[in-house]
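Heads up, start.pdb below (PDB, C-alpha atoms (C1' of nucleotides)):
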```pdb
ATOM      1  CA  MET R 202     -33.029-118.589 161.399
ATOM      2  CA  VAL R 203     -33.750-116.622 158.311
ATOM      3  CA  ARG R 204     -37.448-116.252 157.640
ATOM      4  CA  PRO R 205     -37.098-114.426 154.323
ATOM      5  CA  ARG R 206     -40.668-113.184 154.216
ATOM      6  CA  ASP R 207     -43.348-115.367 155.668
ATOM      7  CA  GLY R 208     -41.345-117.988 157.465
ATOM      8  CA  SER R 209     -40.486-119.939 154.356
ATOM      9  CA  THR R 210     -36.964-120.577 155.628
ATOM     10  CA  LYS R 211     -36.412-122.302 152.320
ATOM     11  CA  TYR R 212     -32.736-121.462 152.287
ATOM     12  CA  ASN R 213     -32.213-121.670 155.986
ATOM     13  CA  SER R 214     -28.541-121.902 155.154
ATOM     14  CA  THR R 215     -25.770-121.191 157.596
ATOM     15  CA  PHE R 216     -24.858-118.200 155.445
ATOM     16  CA  ALA R 217     -27.638-116.049 156.812
ATOM     17  CA  GLU R 218     -26.984-117.247 160.337
ATOM     18  CA  ARG R 219     -23.313-116.418 160.008
ATOM     19  CA  VAL R 220     -24.141-113.003 158.624
ATOM     20  CA  TYR R 221     -26.464-112.259 161.494
ATOM     21  CA  ALA R 222     -23.976-113.616 164.015
ATOM     22  CA  LEU R 223     -21.244-111.411 162.551
ATOM     23  CA  VAL R 224     -23.448-108.338 162.523
ATOM     24  CA  ARG R 225     -24.273-108.973 166.159
ATOM     25  CA  ARG R 226     -20.541-109.121 166.917
ATOM     26  CA  ILE R 227     -19.908-105.645 165.557
ATOM     27  CA  PRO R 228     -18.881-103.622 168.597
ATOM     28  CA  PRO R 229     -20.535-100.247 169.211
ATOM     29  CA  GLY R 230     -18.570 -97.409 167.712
ATOM     30  CA  ARG R 231     -17.197 -99.645 164.966
ATOM     31  CA  VAL R 232     -18.438-100.268 161.452
ATOM     32  CA  THR R 233     -17.866-102.943 158.841
ATOM     33  CA  THR R 234     -18.745-103.501 155.222
ATOM     34  CA  TYR R 235     -21.089-105.852 153.415
ATOM     35  CA  GLY R 236     -18.162-107.384 151.626
ATOM     36  CA  ARG R 237     -16.252-108.132 154.825
ATOM     37  CA  ILE R 238     -19.288-109.813 156.299
ATOM     38  CA  ALA R 239     -19.947-111.766 153.127
ATOM     39  CA  ARG R 240     -16.355-112.957 153.015
ATOM     40  CA  ALA R 241     -16.359-113.895 156.683
ATOM     41  CA  ALA R 242     -19.633-115.742 156.148
ATOM     42  CA  GLY R 243     -18.114-117.779 153.355
ATOM     43  CA  ALA R 244     -19.547-116.002 150.311
ATOM     44  CA  ALA R 245     -17.044-113.375 149.298
ATOM     45  CA  ARG R 246     -18.888-112.588 146.080
ATOM     46  CA  SER R 247     -22.307-112.349 147.661
ATOM     47  CA  ALA R 248     -22.122-108.975 149.304
ATOM     48  CA  ARG R 249     -25.539-108.200 147.859
ATOM     49  CA  MET R 250     -26.977-111.072 149.830
ATOM     50  CA  VAL R 251     -25.754-109.441 153.003
ATOM     51  CA  GLY R 252     -27.607-106.289 152.093
ATOM     52  CA  TRP R 253     -30.667-108.277 151.199
ATOM     53  CA  LEU R 254     -30.494-110.238 154.459
ATOM     54  CA  LEU R 255     -30.146-107.069 156.471
ATOM     55  CA  HIS R 256     -33.094-105.459 154.730
ATOM     56  CA  ASN R 257     -35.022-108.597 155.587
ATOM     57  CA  ALA R 258     -33.500-109.027 159.021
ATOM     58  CA  PRO R 259     -35.379-109.356 162.318
ATOM     59  CA  PRO R 260     -35.517-106.323 164.640
ATOM     60  CA  GLU R 261     -32.696-107.735 166.710
ATOM     61  CA  ILE R 262     -30.359-107.449 163.750
ATOM     62  CA  ALA R 263     -31.844-104.213 162.452
ATOM     63  CA  ALA R 264     -30.926-102.708 165.824
ATOM     64  CA  VAL R 265     -27.238-103.073 164.990
ATOM     65  CA  ALA R 266     -27.474-102.983 161.205
ATOM     66  CA  HIS R 267     -26.526 -99.299 161.226
ATOM     67  CA  ARG R 268     -22.948-100.450 161.835
ATOM     68  CA  VAL R 269     -22.852-101.966 158.361
ATOM     69  CA  VAL R 270     -21.889 -99.667 155.515
ATOM     70  CA  ASN R 271     -20.626-100.174 151.997
ATOM     71  CA  ARG R 272     -16.949-100.347 151.034
ATOM     72  CA  HIS R 273     -16.715 -96.549 150.856
ATOM     73  CA  GLY R 274     -18.273 -96.124 154.261
ATOM     74  CA  GLU R 275     -21.427 -94.655 152.790
ATOM     75  CA  LEU R 276     -24.728 -95.151 154.573
ATOM     76  CA  THR R 277     -26.308 -96.981 151.653
ATOM     77  CA  GLY R 278     -28.857 -98.595 153.932
ATOM     78  CA  GLY R 279     -29.731 -95.395 155.684
ATOM     79  CA  TRP R 280     -33.167 -95.201 154.113
ATOM     80  CA  ALA R 281     -34.170 -98.319 156.027
ATOM     81  CA  TRP R 282     -34.544 -96.015 159.004
ATOM     82  CA  GLY R 283     -36.614 -93.585 156.976
ATOM     83  CA  HIS R 284     -33.638 -91.330 156.290
ATOM     84  CA  PRO R 285     -29.833 -91.766 156.366
ATOM     85  CA  ALA R 286     -29.700 -88.990 158.944
ATOM     86  CA  VAL R 287     -31.238 -91.378 161.466
ATOM     87  CA  MET R 288     -28.540 -93.961 160.787
ATOM     88  CA  ARG R 289     -25.884 -91.266 161.008
ATOM     89  CA  ALA R 290     -27.225 -90.145 164.362
ATOM     90  CA  LEU R 291     -27.074 -93.708 165.688
ATOM     91  CA  LEU R 292     -23.455 -94.042 164.592
ATOM     92  CA  GLU R 293     -22.439 -90.663 165.945
ATOM     93  CA  ASP R 294     -24.043 -91.591 169.243
ATOM     94  CA  GLU R 295     -21.621 -94.521 169.381
ATOM     95  CA  GLY R 296     -18.671 -92.271 168.663
ATOM     96  CA  VAL R 297     -18.329 -92.912 164.936
ATOM     97  CA  THR R 298     -16.899 -89.971 163.011
ATOM     98  CA  PHE R 299     -17.814 -88.982 159.470
ATOM     99  CA  VAL R 300     -15.698 -87.766 156.576
ATOM    100  CA  GLU R 301     -18.816 -86.800 154.638
ATOM    101  CA  GLU R 302     -22.441 -86.181 155.469
ATOM    102  CA  PHE R 303     -23.296 -89.842 154.935
ATOM    103  CA  CYS R 304     -19.862 -91.395 154.782
ATOM    104  CA  VAL R 305     -18.205 -92.767 157.907
ATOM    105  CA  ASP R 306     -14.477 -92.697 158.577
ATOM    106  CA  LEU R 307     -13.598 -96.305 157.780
ATOM    107  CA  GLU R 308      -9.924 -95.735 158.543
ATOM    108  CA  ARG R 309     -10.878 -94.922 162.091
ATOM    109  CA  HIS R 310     -13.773 -97.244 162.822
ATOM    110  CA  LEU R 311     -13.549-100.191 160.435
ATOM    111  CA  TRP R 312     -14.029-103.464 162.248
ATOM    112  CA  GLU R 313     -13.009-106.712 160.596
ATOM    113  CA  PRO R 314     -15.120-109.773 161.422
ATOM    114  CA  GLU R 315     -12.091-112.036 161.337
ATOM    115  CA  ASP R 316     -10.303-109.964 163.912
ATOM    116  CA  ASP R 317     -10.995-107.884 166.943
ATOM    117  CA  PRO R 318      -9.281-104.488 166.845
ATOM    118  CA  ILE R 319     -10.687-103.534 170.237
ATOM    119  CA  ALA R 320      -8.934-106.430 171.915
ATOM    120  CA  MET R 321      -5.524-105.212 170.845
ATOM    121  CA  ASN R 322      -6.316-101.544 170.822
ATOM    122  CA  SER R 323      -7.583 -99.746 173.874
ATOM    123  CA  THR R 324      -7.094 -96.041 173.419
ATOM    124  CA  GLU R 325      -8.527 -94.946 170.139
TER     125      GLU R 325
ATOM    126  C1'  DC N  17     -40.181-120.004 133.661
ATOM    127  C1'  DG N  18     -37.444-115.720 131.924
ATOM    128  C1'  DT N  19     -36.146-111.061 133.189
ATOM    129  C1'  DC N  20     -35.313-107.224 136.178
ATOM    130  C1'  DT N  21     -33.832-105.323 140.462
ATOM    131  C1'  DG N  22     -31.262-104.786 144.716
ATOM    132  C1'  DA N  23     -28.870-102.046 152.250
ATOM    133  C1'  DC N  24     -22.707-104.650 147.073
ATOM    134  C1'  DT N  25     -17.854-105.551 145.218
ATOM    135  C1'  DT N  26     -14.207-105.920 141.991
ATOM    136  C1'  DA N  27     -11.966-105.176 137.789
ATOM    137  C1'  DG N  28     -11.436-102.711 133.557
ATOM    138  C1'  DT N  29     -11.535 -98.306 130.794
TER     139       DT N  29
ATOM    140  C1'  DT J 218     -10.441 -90.468 140.132
ATOM    141  C1'  DA J 219     -15.053 -91.524 138.052
ATOM    142  C1'  DC J 220     -18.013 -94.290 135.223
ATOM    143  C1'  DT J 221     -19.288 -98.993 133.303
ATOM    144  C1'  DA J 222     -19.743-103.987 133.058
ATOM    145  C1'  DA J 223     -19.873-108.314 135.139
ATOM    146  C1'  DG J 224     -20.600-111.409 139.026
ATOM    147  C1'  DC J 225     -23.374-112.709 142.773
ATOM    148  C1'  DC J 226     -28.154-115.025 144.725
ATOM    149  C1'  DA J 227     -32.886-114.497 145.853
ATOM    150  C1'  DG J 228     -37.348-112.173 145.381
ATOM    151  C1'  DA J 229     -40.840-109.723 142.656
ATOM    152  C1'  DC J 230     -43.448-109.656 138.150
TER     153       DC J 230
END
```

Go through the file and emit its structure as C-alpha coordinates.
Amino acid sequence: MVRPRDGSTKYNSTFAERVYALVRRIPPGRVTTYGRIARAAGAARSARMVGWLLHNAPPEIAAVAHRVVNRHGELTGGWAWGHPAVMRALLEDEGVTFVEEFCVDLERHLWEPEDDPIAMNSTE
DNA sequence: CGTCTGACTTAGT
DNA sequence: TACTAAGCCAGAC
(Lines of atoms letter the chains of each structure in order from A and count residues from 1; the text may use other names and numbers.)
(Lines give C-alpha, C1' and ligand atoms only; values in the text may rest on other atoms or scores of the structure.)
Protein backbone atom coordinates (compact mmCIF):
# COMPACT_ATOMS: atom_id res chain seq x y z
CA MET A 1 0.00 0.00 0.00
CA VAL A 2 1.53 3.22 -1.11
CA ARG A 3 -1.01 5.98 -1.55
CA PRO A 4 1.42 8.58 -2.88
CA ARG A 5 -0.87 11.54 -2.31
CA ASP A 6 -4.56 11.02 -2.73
CA GLY A 7 -4.81 7.28 -2.97
CA SER A 8 -3.69 7.10 -6.56
CA THR A 9 -1.65 3.97 -5.85
CA LYS A 10 -0.59 4.21 -9.46
CA TYR A 11 2.74 2.58 -8.79
CA ASN A 12 1.55 0.28 -6.08
CA SER A 13 4.75 -1.62 -6.71
CA THR A 14 6.28 -4.04 -4.27
CA PHE A 15 9.18 -1.62 -3.93
CA ALA A 16 7.31 0.70 -1.62
CA GLU A 17 5.87 -2.21 0.32
CA ARG A 18 9.32 -3.69 0.76
CA VAL A 19 10.69 -0.36 1.88
CA TYR A 20 7.96 0.05 4.44
CA ALA A 21 8.35 -3.54 5.60
CA LEU A 22 12.09 -3.04 6.02
CA VAL A 23 11.65 0.22 7.89
CA ARG A 24 9.23 -1.51 10.22
CA ARG A 25 11.85 -4.20 10.86
CA ILE A 26 14.42 -1.70 12.10
CA PRO A 27 14.87 -2.55 15.76
CA PRO A 28 14.74 0.25 18.34
CA GLY A 29 18.15 1.62 19.12
CA ARG A 30 19.42 0.77 15.64
CA VAL A 31 19.59 2.88 12.50
CA THR A 32 19.97 2.16 8.81
CA THR A 33 20.51 4.14 5.65
CA TYR A 34 18.36 4.95 2.66
CA GLY A 35 20.79 3.15 0.43
CA ARG A 36 20.69 -0.06 2.47
CA ILE A 37 16.92 -0.06 2.37
CA ALA A 38 16.85 0.69 -1.33
CA ARG A 39 19.27 -2.14 -2.03
CA ALA A 40 17.36 -4.56 0.16
CA ALA A 41 14.15 -3.52 -1.58
CA GLY A 42 15.64 -4.30 -4.96
CA ALA A 43 16.50 -0.81 -6.20
CA ALA A 44 20.06 -0.13 -5.17
CA ARG A 45 20.24 3.07 -7.19
CA SER A 46 16.94 4.46 -5.98
CA ALA A 47 17.87 5.65 -2.54
CA ARG A 48 16.05 8.89 -3.29
CA MET A 49 12.85 6.95 -3.70
CA VAL A 50 13.23 5.66 -0.18
CA GLY A 51 13.47 9.20 1.08
CA TRP A 52 10.52 10.21 -1.01
CA LEU A 53 8.48 7.24 0.21
CA LEU A 54 9.30 8.02 3.81
CA HIS A 55 8.33 11.66 3.39
CA ASN A 56 5.08 10.39 1.94
CA ALA A 57 4.71 7.50 4.34
CA PRO A 58 1.71 6.76 6.56
CA PRO A 59 1.95 7.59 10.28
CA GLU A 60 2.76 3.99 11.07
CA ILE A 61 5.98 4.27 9.10
CA ALA A 62 6.71 7.84 10.14
CA ALA A 63 6.71 6.55 13.72
CA VAL A 64 9.86 4.55 13.01
CA ALA A 65 11.26 6.65 10.17
CA HIS A 66 13.60 8.40 12.61
CA ARG A 67 15.73 5.24 12.48
CA VAL A 68 16.58 5.97 8.86
CA VAL A 69 19.51 8.28 8.22
CA ASN A 70 21.75 8.97 5.26
CA ARG A 71 25.03 7.16 4.58
CA HIS A 72 26.93 9.51 6.90
CA GLY A 73 24.46 8.99 9.71
CA GLU A 74 23.16 12.53 9.40
CA LEU A 75 19.56 13.28 10.29
CA THR A 76 18.70 14.52 6.82
CA GLY A 77 15.02 13.87 7.40
CA GLY A 78 14.98 15.53 10.77
CA TRP A 79 12.94 18.48 9.55
CA ALA A 80 10.01 16.15 8.95
CA TRP A 81 9.48 16.33 12.69
CA GLY A 82 9.69 20.11 12.62
CA HIS A 83 13.34 20.11 13.68
CA PRO A 84 16.18 17.54 13.63
CA ALA A 85 16.42 17.92 17.39
CA VAL A 86 13.12 16.07 17.70
CA MET A 87 14.46 13.18 15.63
CA ARG A 88 17.66 13.19 17.66
CA ALA A 89 15.69 13.01 20.88
CA LEU A 90 13.74 10.01 19.60
CA LEU A 91 16.95 8.21 18.70
CA GLU A 92 18.67 9.06 21.96
CA ASP A 93 15.63 7.77 23.80
CA GLU A 94 16.26 4.42 22.12
CA GLY A 95 19.89 4.45 23.15
CA VAL A 96 21.42 5.71 19.91
CA THR A 97 24.62 7.68 20.41
CA PHE A 98 25.77 10.62 18.31
CA VAL A 99 29.18 11.58 16.98
CA GLU A 100 27.88 15.01 15.99
CA GLU A 101 24.89 17.13 16.87
CA PHE A 102 22.85 15.60 14.06
CA CYS A 103 25.00 12.66 13.09
CA VAL A 104 24.46 9.24 14.66
CA ASP A 105 27.22 6.74 15.37
CA LEU A 106 26.70 4.35 12.47
CA GLU A 107 29.59 2.15 13.58
CA ARG A 108 27.71 1.45 16.77
CA HIS A 109 24.09 1.33 15.70
CA LEU A 110 23.98 0.54 11.99
CA TRP A 111 21.44 -2.15 11.24
CA GLU A 112 21.54 -3.98 7.92
CA PRO A 113 18.19 -5.07 6.49
CA GLU A 114 19.68 -8.25 5.09
CA ASP A 115 20.96 -9.29 8.47
CA ASP A 116 20.05 -9.09 12.09
CA PRO A 117 22.93 -7.91 14.28
CA ILE A 118 20.82 -8.18 17.43
CA ALA A 119 20.29 -11.88 16.91
CA MET A 120 24.00 -12.60 17.03
CA ASN A 121 24.95 -9.81 19.35
CA SER A 122 23.45 -9.45 22.78
CA THR A 123 25.63 -7.18 24.85
CA GLU A 124 26.29 -3.99 22.99
C1' DC B 1 5.02 17.24 -22.37
C1' DG B 2 9.77 19.19 -20.81
C1' DT B 3 12.30 20.72 -16.78
C1' DC B 4 13.40 21.15 -11.98
C1' DT B 5 13.65 19.33 -7.43
C1' DG B 6 14.20 16.01 -3.73
C1' DA B 7 14.22 12.55 3.89
C1' DC B 8 20.17 9.85 -1.47
C1' DT B 9 24.45 7.33 -3.26
C1' DT B 10 28.55 6.55 -5.80
C1' DA B 11 32.39 7.79 -8.42
C1' DG B 12 35.62 11.15 -10.03
C1' DT B 13 38.56 15.37 -9.30
C1' DT C 1 38.99 14.99 2.93
C1' DA C 2 35.68 18.10 0.46
C1' DC C 3 33.27 19.53 -3.61
C1' DT C 4 31.01 18.28 -8.17
C1' DA C 5 28.59 15.52 -11.60
C1' DA C 6 25.77 11.83 -12.81
C1' DG C 7 22.26 8.36 -11.88
C1' DC C 8 17.93 7.31 -9.98
C1' DC C 9 12.29 7.71 -10.20
C1' DA C 10 8.25 10.28 -9.20
C1' DG C 11 5.86 14.63 -8.25
C1' DA C 12 5.22 19.61 -8.90
C1' DC C 13 5.00 23.45 -12.40

| query | Got a sec: who's within 12 Å of DT26 in chain N, counting only C-alpha atoms (C1' of nucleotides), leaving out chain neighbours fewer than 3 positions off, as a VMD selection string? | reply | (chain R and resid 236 245 to 248 272) or (chain J and resid 222 to 225)

| field | Nearby residues (all atoms listed in the file) at most 12 Å from DC230 in chain J, same-chain spacing under 3 positions excluded, as a ChimeraX atom specification | value | /N:17-21

Same residues, C-alpha atoms (C1' of nucleotides), output as a PDB file, in the coordinates of the input:
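Output below, filename again.pdb:
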```
ATOM      1  C1'  DC N  17     -40.181-120.004 133.661  1.00  0.00           C
ATOM      2  C1'  DG N  18     -37.444-115.720 131.924  1.00  0.00           C
ATOM      3  C1'  DT N  19     -36.146-111.061 133.189  1.00  0.00           C
ATOM      4  C1'  DC N  20     -35.313-107.224 136.178  1.00  0.00           C
ATOM      5  C1'  DT N  21     -33.832-105.323 140.462  1.00  0.00           C
TER       6       DT N  21
END
```

| message | Under the PyMOL selection byres ((chain R and resi 279) around 9), which residues of this model are included? Write them out as a VMD selection string. | response | (chain R and resid 267 270 275 to 278 280 to 289 303) or (chain N and resid 23)

| message | Restricting the calculation to all atoms listed in the file: of R:Ala217, R:Leu223, R:Val251, R:Ile238, which residue gets closest to chain N? | response | R:Val251

| List as a PyMOL selection string: which residues have an atom within 9 Å of (-24.0, -117.0, 154.6), counting all atoms listed in the file? | chain R and resi 214-221+238-244+247+250-251

Could you turn the residues from that selection into a file that holds C-alpha atoms, as an mmCIF file, keeping the file's coordinate frame?
```cif
data_model
loop_
_atom_site.group_PDB
_atom_site.id
_atom_site.type_symbol
_atom_site.label_atom_id
_atom_site.label_comp_id
_atom_site.auth_asym_id
_atom_site.auth_seq_id
_atom_site.Cartn_x
_atom_site.Cartn_y
_atom_site.Cartn_z
ATOM 1 C CA SER R 214 -28.541 -121.902 155.154
ATOM 2 C CA THR R 215 -25.770 -121.191 157.596
ATOM 3 C CA PHE R 216 -24.858 -118.200 155.445
ATOM 4 C CA ALA R 217 -27.638 -116.049 156.812
ATOM 5 C CA GLU R 218 -26.984 -117.247 160.337
ATOM 6 C CA ARG R 219 -23.313 -116.418 160.008
ATOM 7 C CA VAL R 220 -24.141 -113.003 158.624
ATOM 8 C CA TYR R 221 -26.464 -112.259 161.494
ATOM 9 C CA ILE R 238 -19.288 -109.813 156.299
ATOM 10 C CA ALA R 239 -19.947 -111.766 153.127
ATOM 11 C CA ARG R 240 -16.355 -112.957 153.015
ATOM 12 C CA ALA R 241 -16.359 -113.895 156.683
ATOM 13 C CA ALA R 242 -19.633 -115.742 156.148
ATOM 14 C CA GLY R 243 -18.114 -117.779 153.355
ATOM 15 C CA ALA R 244 -19.547 -116.002 150.311
ATOM 16 C CA SER R 247 -22.307 -112.349 147.661
ATOM 17 C CA MET R 250 -26.977 -111.072 149.830
ATOM 18 C CA VAL R 251 -25.754 -109.441 153.003
#
```

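Closest to Pro229 in chain R among R:Gly252, R:Pro314, R:Gly296, R:Gly274 is R:Gly296, based on all atoms listed in the file.
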
| said: Expand the PyMOL selection byres ((chain N) within 8 of (chain R)) into the explicit residue set it covers here, and present it as a PyMOL selection string. | reply: chain N and resi 22-25

| request: Might you pull out every residue within 12 Å of DT29 in chain N, with all atoms listed in the file counted and same-chain residues fewer than 5 positions away left off, and present them as a ChimeraX atom specification? | output: /J:219-222
